[in-house]
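Shown next: my_file.txt, given as compact mmCIF, C-alpha atoms and all ligand atoms.
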```txt
# COMPACT_ATOMS: atom_id res chain seq x y z
CA MET A 125 -97.32 27.43 35.40
CA SER A 126 -99.90 25.71 37.56
CA THR A 127 -100.16 21.97 37.27
CA VAL A 128 -102.24 21.09 34.23
CA PRO A 129 -105.56 19.36 34.90
CA ASP A 130 -105.50 15.60 35.25
CA ALA A 131 -106.06 13.84 31.92
CA SER A 132 -108.40 11.16 33.24
CA TRP A 133 -110.49 13.81 35.03
CA LEU A 134 -110.84 15.77 31.79
CA ALA A 135 -111.82 12.71 29.77
CA GLU A 136 -114.28 11.52 32.44
CA ARG A 137 -116.16 14.80 32.31
CA LEU A 138 -115.93 15.46 28.59
CA ILE A 139 -117.30 12.17 27.25
CA PRO A 140 -120.64 12.21 29.14
CA TRP A 141 -121.00 15.91 28.34
CA TYR A 142 -120.56 15.16 24.63
CA ARG A 143 -123.06 12.30 24.70
CA GLU A 144 -125.66 14.57 26.24
CA HIS A 145 -125.01 17.75 24.26
CA ALA A 146 -123.73 16.67 20.84
CA ARG A 147 -125.53 18.39 17.99
CA ASP A 148 -127.54 16.05 15.81
CA LEU A 149 -125.58 16.11 12.56
CA PRO A 150 -126.12 13.69 9.66
CA TRP A 151 -122.55 12.35 9.61
CA ARG A 152 -122.83 11.47 13.29
CA ARG A 153 -125.91 9.28 12.84
CA ASP A 154 -124.16 6.61 10.81
CA PRO A 155 -120.40 7.25 11.00
CA THR A 156 -119.18 4.89 8.30
CA PRO A 157 -115.59 5.48 7.13
CA TYR A 158 -116.81 7.04 3.88
CA ARG A 159 -119.24 9.39 5.60
CA VAL A 160 -116.58 10.44 8.10
CA LEU A 161 -114.08 11.07 5.30
CA LEU A 162 -116.60 13.09 3.29
CA SER A 163 -117.77 15.19 6.22
CA GLU A 164 -114.32 15.86 7.62
CA VAL A 165 -112.91 16.99 4.28
CA MET A 166 -115.92 19.24 3.69
CA LEU A 167 -115.78 20.70 7.19
CA GLN A 168 -112.17 21.83 6.92
CA GLN A 169 -112.32 25.64 7.12
CA THR A 170 -116.04 25.60 6.33
CA ARG A 171 -119.05 26.10 8.57
CA VAL A 172 -121.40 23.24 9.45
CA ASP A 173 -124.45 25.05 8.00
CA THR A 174 -122.68 25.44 4.68
CA VAL A 175 -121.57 21.81 4.58
CA LEU A 176 -124.96 20.21 5.38
CA PRO A 177 -126.60 20.46 1.91
CA TYR A 178 -123.35 19.50 0.14
CA PHE A 179 -122.93 16.43 2.33
CA GLU A 180 -126.47 15.27 1.58
CA ARG A 181 -126.13 15.96 -2.15
CA PHE A 182 -122.82 14.10 -2.42
CA LEU A 183 -124.22 11.08 -0.62
CA ALA A 184 -127.33 11.06 -2.80
CA ARG A 185 -125.24 11.18 -5.97
CA TRP A 186 -122.30 9.01 -4.85
CA PRO A 187 -123.62 6.80 -2.02
CA THR A 188 -120.41 4.79 -1.61
CA LEU A 189 -116.68 5.34 -1.68
CA GLU A 190 -116.54 3.29 -4.86
CA ASP A 191 -119.19 5.46 -6.53
CA LEU A 192 -117.19 8.58 -5.73
CA ALA A 193 -113.95 6.95 -6.86
CA ALA A 194 -115.51 6.22 -10.26
CA ALA A 195 -116.87 9.75 -10.75
CA PRO A 196 -115.24 12.02 -13.36
CA ASP A 197 -113.17 14.85 -11.87
CA GLU A 198 -115.27 17.43 -13.67
CA ASP A 199 -118.52 16.18 -12.09
CA VAL A 200 -117.07 16.20 -8.58
CA LEU A 201 -115.55 19.66 -8.98
CA ALA A 202 -118.85 20.99 -10.32
CA ALA A 203 -120.74 19.45 -7.38
CA TRP A 204 -118.21 21.09 -5.05
CA ALA A 205 -118.89 24.53 -6.56
CA GLY A 206 -119.67 27.06 -3.87
CA LEU A 207 -117.99 25.13 -1.07
CA GLY A 208 -114.62 26.74 -1.85
CA TYR A 209 -111.11 25.43 -1.40
CA TYR A 210 -111.32 23.22 -4.48
CA SER A 211 -108.03 21.55 -3.67
CA ARG A 212 -110.02 19.61 -1.05
CA ALA A 213 -112.25 18.12 -3.74
CA ARG A 214 -109.22 16.94 -5.67
CA ARG A 215 -107.67 15.47 -2.52
CA LEU A 216 -110.95 13.76 -1.67
CA LEU A 217 -111.05 12.15 -5.10
CA ALA A 218 -107.44 11.02 -4.82
CA THR A 219 -108.18 9.45 -1.44
CA ALA A 220 -111.36 7.78 -2.64
CA ARG A 221 -109.64 6.26 -5.68
CA ALA A 222 -106.64 4.97 -3.75
CA ALA A 223 -108.79 3.57 -0.92
CA SER A 224 -111.26 2.03 -3.35
CA ALA A 225 -108.39 0.22 -5.08
CA LEU A 226 -107.45 -1.23 -1.68
CA GLY A 227 -111.00 -2.42 -1.05
CA GLY A 228 -111.98 0.42 1.32
CA LEU A 229 -110.56 2.87 3.82
CA PRO A 230 -108.09 1.20 6.20
CA ASP A 231 -108.59 1.39 9.97
CA THR A 232 -105.21 2.55 11.31
CA VAL A 233 -103.68 6.00 11.31
CA GLU A 234 -100.53 4.69 9.65
CA GLU A 235 -102.38 3.10 6.74
CA LEU A 236 -104.68 6.08 6.37
CA ARG A 237 -101.72 8.46 6.30
CA ALA A 238 -100.23 6.40 3.47
CA LEU A 239 -103.18 7.34 1.24
CA PRO A 240 -102.95 10.45 -0.93
CA GLY A 241 -104.86 13.43 0.41
CA ILE A 242 -105.01 12.27 4.04
CA GLY A 243 -103.25 14.34 6.69
CA PRO A 244 -102.88 13.63 10.40
CA TYR A 245 -106.17 15.29 11.33
CA THR A 246 -108.31 13.36 8.83
CA ALA A 247 -106.51 10.10 9.64
CA GLY A 248 -107.23 10.64 13.34
CA ALA A 249 -110.87 11.45 12.62
CA ILE A 250 -111.51 8.34 10.49
CA ALA A 251 -109.56 6.00 12.81
CA SER A 252 -111.33 7.23 15.95
CA ILE A 253 -114.86 8.04 14.74
CA ALA A 254 -115.36 5.26 12.19
CA PHE A 255 -113.16 2.54 13.72
CA GLY A 256 -113.06 3.43 17.43
CA ARG A 257 -109.28 3.63 17.61
CA ALA A 258 -107.58 5.78 20.24
CA ALA A 259 -106.09 8.17 17.69
CA PRO A 260 -105.60 11.83 18.62
CA LEU A 261 -106.61 14.68 16.36
CA VAL A 262 -106.10 18.43 16.53
CA ASP A 263 -107.99 21.06 14.58
CA GLY A 264 -108.49 24.73 15.41
CA ASN A 265 -111.23 24.00 17.94
CA VAL A 266 -109.23 21.33 19.74
CA GLU A 267 -106.16 23.53 19.77
CA ARG A 268 -108.11 26.37 21.41
CA VAL A 269 -109.71 24.13 24.03
CA ILE A 270 -106.42 22.49 25.02
CA CYS A 271 -104.48 25.75 25.09
CA ARG A 272 -107.09 27.24 27.39
CA VAL A 273 -107.68 24.39 29.80
CA ASP A 274 -103.89 24.03 30.31
CA ARG A 275 -103.24 27.77 29.94
CA ARG A 276 -100.61 27.18 27.26
CA THR A 277 -99.11 30.51 26.35
CA GLU A 278 -96.79 29.45 23.52
CA ASP A 279 -97.84 29.98 19.90
CA PRO A 280 -99.39 26.60 18.95
CA ARG A 281 -98.47 27.11 15.30
CA LYS A 282 -94.85 26.86 16.34
CA GLU A 283 -93.41 24.68 19.06
CA GLY A 284 -96.77 24.28 20.79
CA ARG A 285 -98.57 22.17 18.17
CA ALA A 286 -96.72 18.97 19.02
CA GLY A 287 -97.52 19.61 22.67
CA VAL A 288 -101.24 19.88 21.90
CA TRP A 289 -101.17 16.59 19.94
CA ALA A 290 -99.34 14.90 22.81
CA ARG A 291 -101.88 16.22 25.29
CA VAL A 292 -104.81 14.83 23.26
CA ALA A 293 -102.98 11.50 23.00
CA ALA A 294 -102.60 11.56 26.80
CA LEU A 295 -106.35 12.12 27.21
CA HIS A 296 -106.95 9.00 25.12
CA GLU A 297 -104.50 6.97 27.18
CA ALA A 298 -106.11 8.13 30.43
CA SER A 299 -109.69 7.68 29.28
CA GLU A 300 -111.41 4.81 31.08
CA PRO A 301 -113.72 3.38 29.84
CA ALA A 302 -112.38 4.48 26.48
CA ASP A 303 -114.56 6.02 23.82
CA PRO A 304 -112.15 7.55 21.30
CA SER A 305 -114.93 8.76 19.03
CA ALA A 306 -116.77 10.62 21.80
CA LEU A 307 -113.51 11.99 23.21
CA ASN A 308 -112.32 13.48 19.90
CA GLN A 309 -115.73 14.71 18.90
CA GLY A 310 -116.25 16.07 22.41
CA LEU A 311 -113.08 18.15 22.13
CA MET A 312 -114.22 19.53 18.79
CA GLU A 313 -117.78 20.10 20.00
CA LEU A 314 -116.59 21.92 23.10
CA GLY A 315 -114.53 24.26 20.92
CA ALA A 316 -117.37 24.77 18.44
CA THR A 317 -120.17 25.40 20.91
CA LEU A 318 -118.84 26.61 24.31
CA CYS A 319 -115.12 27.33 24.17
CA THR A 320 -115.58 29.73 21.29
CA PRO A 321 -112.94 32.26 20.19
CA ARG A 322 -114.95 35.14 21.71
CA SER A 323 -117.07 35.06 24.88
CA PRO A 324 -116.60 31.39 25.86
CA SER A 325 -119.46 29.96 27.93
CA CYS A 326 -117.33 28.81 30.83
CA ASP A 327 -120.31 28.57 33.19
CA ARG A 328 -121.71 25.69 31.10
CA CYS A 329 -118.38 23.98 30.40
CA PRO A 330 -117.73 20.50 31.84
CA TRP A 331 -114.17 21.60 32.61
CA THR A 332 -114.94 24.88 34.31
CA GLU A 333 -113.79 23.68 37.78
CA CYS A 334 -110.24 23.00 36.68
CA CYS A 335 -109.66 25.16 33.59
CA LEU A 336 -106.54 27.30 34.05
CA ALA A 337 -107.45 29.95 31.46
CA GLY A 338 -109.58 32.09 33.76
CA ALA A 339 -109.82 35.71 32.63
CA GLU A 340 -107.21 35.06 29.93
CA ALA A 341 -109.43 32.65 28.00
CA GLU A 342 -110.14 34.99 25.09
CA SER A 343 -106.46 35.74 24.60
CA LEU A 344 -105.60 32.05 24.22
CA PRO A 345 -104.23 30.52 22.11
CA ARG A 346 -101.66 33.26 21.57
CA LYS A 347 -100.62 33.51 17.97
CA GLU A 348 -98.17 35.89 16.41
CA ARG A 349 -99.80 38.20 13.93
CA LYS A 350 -99.39 36.94 10.36
CA PRO A 351 -97.99 39.31 7.73
CA PRO A 352 -100.78 40.86 5.65
CA PRO A 353 -101.52 39.11 2.34
CA ARG A 354 -99.54 40.39 -0.65
CA GLU A 355 -101.59 42.55 -3.01
CA VAL A 356 -101.80 41.39 -6.64
CA ARG A 357 -103.53 43.54 -9.26
CA LEU A 358 -105.31 41.71 -12.07
CA VAL A 359 -107.65 42.38 -14.91
CA SER A 360 -110.39 40.03 -16.04
CA VAL A 361 -112.05 40.23 -19.43
CA VAL A 362 -115.69 39.15 -19.58
CA VAL A 363 -117.16 38.46 -23.01
CA ARG A 364 -120.81 37.55 -23.39
CA GLY A 365 -122.26 36.05 -26.56
CA PRO A 366 -125.41 34.26 -27.66
CA ARG A 367 -124.13 30.98 -26.15
CA GLY A 368 -123.27 32.40 -22.75
CA VAL A 369 -120.09 33.77 -21.22
CA LEU A 370 -116.61 32.97 -22.51
CA LEU A 371 -114.70 30.93 -19.92
CA VAL A 372 -111.26 29.34 -19.92
CA ARG A 373 -110.03 26.42 -17.82
CA ARG A 374 -106.90 26.76 -15.70
CA PRO A 375 -104.21 24.06 -15.67
CA THR A 376 -104.80 21.37 -13.05
CA GLU A 377 -101.80 22.37 -10.95
CA GLY A 378 -101.64 25.63 -9.03
CA LEU A 379 -104.10 28.19 -7.72
CA PHE A 380 -107.72 27.50 -8.79
CA GLY A 381 -106.32 24.44 -10.62
CA GLY A 382 -108.72 22.88 -13.15
CA LEU A 383 -111.41 25.53 -12.60
CA TRP A 384 -113.15 27.66 -15.21
CA GLU A 385 -113.06 31.46 -15.14
CA PRO A 386 -113.24 34.50 -17.39
CA PRO A 387 -109.69 35.14 -18.66
CA CYS A 388 -107.80 36.82 -15.86
CA GLY A 389 -104.20 37.95 -15.37
CA VAL A 390 -101.70 40.64 -14.62
CA VAL A 391 -101.85 43.50 -17.08
CA SER A 392 -100.45 46.95 -17.71
CA ASP A 393 -102.72 49.88 -18.51
CA GLY A 394 -103.90 49.78 -22.09
CA ASP A 395 -102.71 46.23 -22.84
CA VAL A 396 -106.22 44.86 -23.12
CA ASP A 397 -106.91 46.79 -26.31
CA ALA A 398 -104.08 44.94 -28.08
CA TRP A 399 -105.75 41.50 -27.89
CA GLY A 400 -108.56 41.96 -30.36
CA VAL A 401 -111.29 42.62 -27.84
CA GLY A 402 -113.46 45.05 -29.80
CA ARG A 403 -115.15 47.71 -27.76
CA THR A 404 -114.38 47.51 -24.04
CA GLU A 405 -116.00 48.95 -20.98
CA ARG A 406 -114.79 48.92 -17.42
CA ALA A 407 -117.43 47.21 -15.27
CA GLY A 408 -115.92 47.66 -11.82
CA GLN A 409 -113.32 46.44 -9.40
CA LEU A 410 -113.48 43.72 -6.76
CA VAL A 411 -111.21 42.56 -3.97
CA HIS A 412 -110.81 38.85 -3.28
CA VAL A 413 -108.77 37.77 -0.27
CA LEU A 414 -106.92 34.44 -0.17
CA THR A 415 -104.65 33.23 2.62
CA HIS A 416 -101.49 34.81 1.26
CA ARG A 417 -102.77 37.08 -1.46
CA ARG A 418 -105.19 39.96 -1.80
CA LEU A 419 -106.41 40.02 -5.38
CA VAL A 420 -107.60 43.37 -6.71
CA VAL A 421 -109.40 42.63 -9.97
CA ASP A 422 -110.44 45.20 -12.56
CA VAL A 423 -113.35 43.71 -14.51
CA VAL A 424 -113.65 44.72 -18.14
CA ARG A 425 -116.54 43.87 -20.45
CA ALA A 426 -115.42 43.23 -24.03
CA GLU A 427 -117.13 42.44 -27.33
CA ARG A 428 -114.78 39.59 -28.22
CA LEU A 429 -111.39 38.19 -27.24
CA ASP A 430 -109.04 36.93 -29.93
CA ASP A 431 -105.72 36.62 -28.11
CA LEU A 432 -104.43 36.30 -24.61
CA PRO A 433 -101.03 37.56 -23.52
CA ASP A 434 -98.25 34.98 -23.23
CA SER A 435 -97.58 36.14 -19.68
CA TRP A 436 -101.01 34.90 -18.53
CA CYS A 437 -101.56 31.40 -17.27
CA ALA A 438 -101.61 28.78 -20.04
CA TYR A 439 -105.32 28.04 -20.10
CA GLU A 440 -106.20 24.56 -21.30
CA GLU A 441 -109.63 25.03 -22.88
CA ARG A 442 -112.11 27.69 -23.94
CA ALA A 443 -115.88 27.34 -23.90
CA TRP A 444 -119.05 29.37 -24.03
CA VAL A 445 -120.97 28.59 -20.85
CA GLU A 446 -124.59 29.35 -20.07
CA ASP A 447 -125.06 27.44 -16.80
CA LEU A 448 -122.37 28.20 -14.24
CA ASP A 449 -123.71 25.46 -11.95
CA ALA A 450 -122.94 22.80 -14.55
CA ILE A 451 -119.18 23.27 -14.43
CA ALA A 452 -116.49 23.88 -11.83
CA VAL A 453 -116.04 27.62 -11.41
CA SER A 454 -114.30 29.37 -8.55
CA GLU A 455 -116.08 31.82 -6.28
CA LEU A 456 -113.81 34.51 -7.68
CA ALA A 457 -115.02 33.71 -11.21
CA ARG A 458 -118.64 34.01 -10.08
CA ARG A 459 -117.91 37.38 -8.53
CA ILE A 460 -116.16 38.59 -11.68
CA ILE A 461 -119.14 37.60 -13.82
CA ALA A 462 -121.56 39.19 -11.35
CA THR A 463 -119.53 42.39 -11.49
CA ALA A 464 -119.59 42.37 -15.29
CA ASP A 465 -123.34 41.81 -15.15
CA GLY A 466 -123.74 44.79 -12.82
CA GLU A 467 -124.70 42.69 -9.82
CA GLY A 468 -122.39 44.35 -7.33
CA THR A 469 -118.79 44.09 -6.25
CA ARG A 470 -119.14 42.87 -2.69
CA ARG A 471 -115.77 42.54 -1.02
CA GLY A 472 -115.00 39.06 0.06
CA GLY A 473 -113.22 35.86 -0.74
CA ARG A 474 -112.34 32.59 0.81
CA ARG A 475 -109.01 31.62 2.13
CA ARG A 476 -107.55 28.52 0.53
S1 LIG A 501 -113.81 26.72 31.15
FE1 LIG A 501 -114.06 28.23 29.53
S2 LIG A 501 -112.01 28.60 28.69
FE2 LIG A 501 -111.93 26.72 29.92
S3 LIG A 501 -112.21 25.08 28.44
FE3 LIG A 501 -114.23 25.58 29.30
S4 LIG A 501 -115.12 27.11 27.91
FE4 LIG A 501 -112.92 26.97 27.48
```
Transcribe the structure of this file into structure tokens.
Ligand code: SF4
Amino acid sequence: MSTVPDASWLAERLIPWYREHARDLPWRRDPTPYRVLLSEVMLQQTRVDTVLPYFERFLARWPTLEDLAAAPDEDVLAAWAGLGYYSRARRLLATARAASALGGLPDTVEELRALPGIGPYTAGAIASIAFGRAAPLVDGNVERVICRVDRRTEDPRKEGRAGVWARVAALHEASEPADPSALNQGLMELGATLCTPRSPSCDRCPWTECCLAGAEAESLPRKERKPPPREVRLVSVVVRGPRGVLLVRRPTEGLFGGLWEPPCGVVSDGDVDAWGVGRTERAGQLVHVLTHRRLVVDVVRAERLDDLPDSWCAYEERAWVEDLDAIAVSELARRIIATADGEGTRRGGRRR
């Protein structure tokens, strides 16, 4: 392998490039620890355009860490509706409550990592962006940029990930004058705007002179193909009444934990009729893809629902709901209800 580009050279070119080209994003204007925490948790596996209105709404409703820490779970989950990956909202709340009890978010990676809900990436982001500490971070964008500039051919999900973290740490050590916030954000910005998965804009890249990827850029990082998600067949029973749609709340732990949905579970043909559902009608089928599972859901409209099978998840509450925006429902639940209402069965789903 050719010698990897010099760390100080990379940092020297990246930081001014970031200062000149950084997108104007609300969390960058006033990077307090709370705003960094909120934005970084929301941005995990979610596009910037999607996050923007949620970030503004959360700040308007809970302007401080302490305000968020004092909010009821149900309110925060409902406000998160549509952003997906609800486990992030629960982690965010756990972090906010623990940090609030300490008097605020701490400023070192070690102390941040000791809080519930904070992983190495988020700790690095808060320590560097909010507190100016030379803390490395690696997300998908950073991983891609580093694998390409060094032409790293190992699968970064395996042995290579530690090497990528070490390389970012080396950039911080070599950076003079240091600007940990601009360095980390520059790495992420480069990956988000120029060093994109397809058709990277190498001609505009500050590293183009020394990048080792060359014609191989699009094939890096090299990752082994994941096994396809396991298919799970489910049925969901949608009952509408004068007070809205019948929803049940899942237990807090596990998939879609704490969220409301039409009753949904594994079923054999014909079982539905045994639960006191009255007249039923098949409304359609939808496919919802998660990281490890591909859910194929048959949606059934029913007149009523007296019993649920013991084999289904032990739902904690039942309620008739008119306004889906007022409670925490999963995207899958929204799609099931839309299917029952004849509003289409678009394929889709978020990975969690
Ligand atoms: S030169 Fe191209 S492949 Fe290399 S880091 Fe820049 S955008 Fe990525």
Grab me every residue within 6 Å of ligand LIG 501 (chain A), counting all atoms listed in the file, and send it over as a PDB file with C-alpha atoms, in the coordinates of the input.
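Output saved as part_21.pdb:
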```pdb
ATOM      1  CA  VAL A 269    -109.710  24.130  24.030  1.00  0.00           C
ATOM      2  CA  ARG A 272    -107.090  27.240  27.390  1.00  0.00           C
ATOM      3  CA  VAL A 273    -107.680  24.390  29.800  1.00  0.00           C
ATOM      4  CA  LEU A 318    -118.840  26.610  24.310  1.00  0.00           C
ATOM      5  CA  CYS A 319    -115.120  27.330  24.170  1.00  0.00           C
ATOM      6  CA  PRO A 324    -116.600  31.390  25.860  1.00  0.00           C
ATOM      7  CA  SER A 325    -119.460  29.960  27.930  1.00  0.00           C
ATOM      8  CA  CYS A 326    -117.330  28.810  30.830  1.00  0.00           C
ATOM      9  CA  CYS A 329    -118.380  23.980  30.400  1.00  0.00           C
ATOM     10  CA  TRP A 331    -114.170  21.600  32.610  1.00  0.00           C
ATOM     11  CA  THR A 332    -114.940  24.880  34.310  1.00  0.00           C
ATOM     12  CA  CYS A 335    -109.660  25.160  33.590  1.00  0.00           C
ATOM     13  CA  ALA A 337    -107.450  29.950  31.460  1.00  0.00           C
ATOM     14  CA  ALA A 341    -109.430  32.650  28.000  1.00  0.00           C
TER      15      ALA A 341
END
```
For Ser224 (chain A), please output as a short mmCIF file (atom, residue, chain, number, x, y, z; two decimals) with C-alpha atoms, keeping the file's coordinate frame all residues within 7 Å (counting all atoms listed in the file; exclusion window: fewer than 2 positions along the same chain).
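Result went into around.cif, see below:
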```cif
data_model
loop_
_atom_site.label_atom_id
_atom_site.label_comp_id
_atom_site.auth_asym_id
_atom_site.auth_seq_id
_atom_site.Cartn_x
_atom_site.Cartn_y
_atom_site.Cartn_z
CA LEU A 189 -116.68 5.34 -1.68
CA GLU A 190 -116.54 3.29 -4.86
CA ALA A 193 -113.95 6.95 -6.86
CA ALA A 220 -111.36 7.78 -2.64
CA ARG A 221 -109.64 6.26 -5.68
CA ALA A 222 -106.64 4.97 -3.75
CA LEU A 226 -107.45 -1.23 -1.68
CA GLY A 227 -111.00 -2.42 -1.05
CA GLY A 228 -111.98 0.42 1.32
#
```
- Smallest atom-to-atom distance to Leu456 (chain A): which of A:Pro433, A:Pro386, A:Pro330, A:Gly408, using all atoms listed in the file?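 Going through A:Pro433, A:Pro386, A:Pro330, A:Gly408 one by one, the smallest distance to Leu456 (chain A) is for A:Pro386.
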- Using all atoms listed in the file, determine which residues lie at most 10 Å from Leu167 (chain A), disregarding the query and same-chain residues fewer than 6 positions distant; provide the list as JSON, numbers by chain. {"A": [161, 173, 174, 175, 176, 179, 207]}
- Task: Please provide as a PyMOL selection string all residues within 9 Å of Gln168 (chain A), with the sequence filter that same-chain residues fewer than 3 positions apart are discarded (counting all atoms listed in the file).
- Result: chain A and resi 163-165+171+212+263
- Would you mind listing what lies within 10 Å of Val421 (chain A) as a ChimeraX atom specification, with all atoms listed in the file counted and same-chain residues fewer than 3 positions away left out? /A:356-360,388-390,408-412,418,424,456,460
- Message: Just want the 10 Å neighbourhood of Ala302 (chain A), counted on all atoms listed in the file, with same-chain residues fewer than 5 positions away dropped. Output as a ChimeraX atom specification.
- Response: /A:135-136,139,256-258,295-297,307
Go ahead and write the residues just picked, C-alpha atoms, as a short mmCIF file (atom, residue, chain, number, x, y, z; two decimals), in the coordinates of the input.
```cif
data_model
loop_
_atom_site.label_atom_id
_atom_site.label_comp_id
_atom_site.auth_asym_id
_atom_site.auth_seq_id
_atom_site.Cartn_x
_atom_site.Cartn_y
_atom_site.Cartn_z
CA ALA A 135 -111.82 12.71 29.77
CA GLU A 136 -114.28 11.52 32.44
CA ILE A 139 -117.30 12.17 27.25
CA GLY A 256 -113.06 3.43 17.43
CA ARG A 257 -109.28 3.63 17.61
CA ALA A 258 -107.58 5.78 20.24
CA LEU A 295 -106.35 12.12 27.21
CA HIS A 296 -106.95 9.00 25.12
CA GLU A 297 -104.50 6.97 27.18
CA LEU A 307 -113.51 11.99 23.21
#
```
- Message: When you count all atoms listed in the file, which of these residues is closest to Ala213 (chain A): A:His416, A:Glu235, A:Asp154, A:Gly241?
- Response: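 For Ala213 (chain A), the nearest of the candidates is A:Gly241.
Between Leu236 (chain A) and the candidates A:Pro157, A:Gly287, A:Pro280, A:Pro301, the tightest atom-to-atom separation, counting all atoms listed in the file, involves A:Pro157.
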Taking all atoms of region 444-451 of chain A that the file lists, what box with edges along x, y and z, padded by 4 Å per side, do you get, with centre and edge lengths in Å to one decimal, as JSON?
```
{"center_x": -122.1, "center_y": 26.1, "center_z": -18.0, "size_x": 14.0, "size_y": 14.6, "size_z": 20.1}
```
- Task: Name the residues, using the chain letters and numbers of the file, that sit within 12 Å of (-119.0, 38.0, -26.1) when counting all atoms listed in the file, and give them as a count of residues only.
- Result: 29
- Message: Calculated over only C-alpha atoms, which of the candidates A:Pro387, A:Gly381, A:Gly466, A:Pro177 has the smallest distance to Asp197 (chain A)?
- Response: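 When distances to Asp197 (chain A) are compared using only C-alpha atoms, the smallest one comes from A:Gly381.
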- CA of Ala146 (chain A) and CA of Thr317 (chain A) are how many Å apart? 9.4 Å
